[in-house]
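As C-alpha cells, the structure follows; a few thoughts come after it.
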Amino acid sequence: QVQLVESGGGLVQAGGSLRLSCAASGSIYSINHMGWYRQTPGNQREVVASITNGGTTYYADSVKGRFTISRDNARNTVYLQMNSLKPEDTAVYYCRFRAIYNNVYWGQGTQVTVSS
C-alpha cells in the first residue's frame with residue numbers, strides 16, 4: 001500500500017522559511033506529476049506548486065518568487081522550499097502524487113503557521 005509521508009511544517013514568523021518534504025513509501029511506479037496543495041478552514045484545497053517528471057514547474061501567482069518545488073526521482077520525494085513566508089500562507093499543506101494509470105495519492109497534511 002502506498003503512503004505519502006510529509007514533514008517540515010511548523011510555526012514560523014513572517015519573513016521566515018520552511019522546507020516541506022513528502023516521500024512515498026510502498027510500491028509506486030511511474031510517478032509523472034508531483035504537487036503541493038494547501039487548504040484553510042472553509043475553503044477549497046488549492047494548488048500551490050507542481051512539477052512533472054520532466055522538470056516542468058507550475059506556481060500559483062501568490063507564491064511565485066518565494067516558493068520553489070523540487071523532486072528527487074530516485075527517492076520518490078518532492079520538496080517545497082518556502083521563503084519570505086506571509087501570514088496568508090498559513091494553511092494545511094498536502095502533497096499529491098499522480099502515477100501510472102492516473103492513480104492519485106495524497107499525503108496526510110502538515111500544518112504551516114506563519115505569525116505576524
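Letters A, B, ... go to the chains of the C-alpha cells in the order shown; residues in each chain start at 1; ligands are counted from 1 in the same order.
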Can you list, as a ChimeraX atom specification, every protein, DNA or RNA residue that comes within 6 Å of Tyr59 (chain A) when you count only C-alpha atoms, leaving out same-chain residues fewer than 4 positions away? /A:48-49,64
Please dump the current selection as a PDB file, in the first residue's frame; keep N, CA, C and O atoms.
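Output (result-v1.pdb):
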```pdb
ATOM      1  N   VAL A  48      -0.594  24.855  -4.972  1.00  0.00           N
ATOM      2  CA  VAL A  48       0.459  25.817  -4.657  1.00  0.00           C
ATOM      3  C   VAL A  48       1.560  25.736  -5.706  1.00  0.00           C
ATOM      4  O   VAL A  48       1.988  26.749  -6.256  1.00  0.00           O
ATOM      5  N   ALA A  49       2.014  24.524  -5.983  1.00  0.00           N
ATOM      6  CA  ALA A  49       3.090  24.312  -6.946  1.00  0.00           C
ATOM      7  C   ALA A  49       3.049  22.869  -7.396  1.00  0.00           C
ATOM      8  O   ALA A  49       2.567  21.991  -6.669  1.00  0.00           O
ATOM      9  N   LYS A  64       4.727  32.754  -6.371  1.00  0.00           N
ATOM     10  CA  LYS A  64       5.814  32.913  -7.340  1.00  0.00           C
ATOM     11  C   LYS A  64       6.917  33.807  -6.782  1.00  0.00           C
ATOM     12  O   LYS A  64       6.645  34.863  -6.213  1.00  0.00           O
TER      13      LYS A  64
END
```
Tell me which protein, DNA and RNA residues are within 12 Å of Ser62 (chain A), counting only C-alpha atoms, leaving out same-chain ones fewer than 5 positions away, and put them as a compact mmCIF listing (two decimals) with C-alpha atoms, in the first residue's frame.
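Now in out_33.txt:
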```
# COMPACT_ATOMS: atom_id res chain seq x y z
CA GLU A 46 -5.81 24.93 -3.89
CA VAL A 47 -2.70 24.09 -5.83
CA VAL A 48 0.46 25.82 -4.66
CA ALA A 49 3.09 24.31 -6.95
CA PHE A 67 8.42 29.11 -3.12
CA MET A 82 9.10 28.30 1.24
CA SER A 84 9.58 35.08 2.73
CA LEU A 85 6.57 33.49 4.35
CA LYS A 86 3.49 35.62 4.98
CA GLU A 88 -1.67 34.40 4.48
CA ASP A 89 0.46 31.31 3.74
```
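Comparing A:Ser70, A:Gln44, A:Asn32, A:Gln81 by their smallest distance to Ser17 (chain A), the closest is A:Gln81 (using only C-alpha atoms).
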So, with only C-alpha atoms as the atoms that count, which of A:Thr40, A:Thr113, A:Gln1, A:Thr52 lies closest to Ala99 (chain A)?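 Smallest distance to Ala99 (chain A) is found for A:Thr52.
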Strand (DSSP E or B) residues, from DSSP on the backbone, in chain A, as an MDAnalysis selection string: chainID A and resid 3:7 10:13 18:25 33:39 46:52 57:59 67:72 77:82 91:98 104:107 110:115
Please compute the CA of Arg75 (chain A)-CA of Cys22 (chain A) distance, one decimal, in Å.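 Those two atoms sit 10.0 Å apart.
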Residues within 10 Å of Ile69 (chain A), only C-alpha atoms, excluding chain neighbours under 6 positions, as a list in words: Arg19, Leu20, Ser21, Met34, Gly35, Trp36, Val48, Ala49, Ser50, Ile51, Gly55, Thr57, Tyr58, Tyr59, Val78, Tyr79, Leu80, Gln81 and Met82 of chain A
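Near Trp106 (chain A), within 9 Å and counting only C-alpha atoms, sit Gln3, Leu4, Tyr94, Cys95, Arg96 and Phe97 of chain A, not including residues fewer than 6 positions from it in the same chain.
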Quick one: write out the picked residues with N, CA and C atoms as an mmCIF file, in the first residue's frame?
```cif
data_model
loop_
_atom_site.group_PDB
_atom_site.id
_atom_site.type_symbol
_atom_site.label_atom_id
_atom_site.label_comp_id
_atom_site.auth_asym_id
_atom_site.auth_seq_id
_atom_site.Cartn_x
_atom_site.Cartn_y
_atom_site.Cartn_z
ATOM 1 N N GLN A 3 1.895 5.029 0.719
ATOM 2 C CA GLN A 3 1.642 6.120 1.653
ATOM 3 C C GLN A 3 2.579 7.266 1.323
ATOM 4 N N LEU A 4 2.063 8.469 1.451
ATOM 5 C CA LEU A 4 2.885 9.664 1.316
ATOM 6 C C LEU A 4 3.066 10.255 2.701
ATOM 7 N N TYR A 94 -0.682 19.842 1.714
ATOM 8 C CA TYR A 94 -0.795 18.441 1.310
ATOM 9 C C TYR A 94 0.058 18.203 0.068
ATOM 10 N N CYS A 95 0.720 17.063 0.023
ATOM 11 C CA CYS A 95 1.379 16.669 -1.216
ATOM 12 C C CYS A 95 0.472 15.701 -1.967
ATOM 13 N N ARG A 96 0.660 15.679 -3.246
ATOM 14 C CA ARG A 96 -0.148 14.834 -4.127
ATOM 15 C C ARG A 96 0.758 14.279 -5.219
ATOM 16 N N PHE A 97 0.685 12.972 -5.418
ATOM 17 C CA PHE A 97 1.418 12.314 -6.492
ATOM 18 C C PHE A 97 0.409 11.731 -7.481
#
```
So, with only C-alpha atoms as the atoms that count, which of A:Ser116, A:Thr56, A:Leu11, A:Gln108 lies closest to Ala24 (chain A)?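 Using only C-alpha atoms, Ala24 (chain A) sits closest to A:Gln108.
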Close residues, Gly109 (chain A) itself excluded, 9 Å, only C-alpha atoms, min 2 positions apart in chain, as a VMD selection string: chain A and resid 5 to 7 38 92 to 95 106 to 107 111
Taking into account only C-alpha atoms, which residue in the set A:Leu18, A:Ile31, A:Val2, A:Val12 is nearest to Ile100 (chain A)? A:Ile31
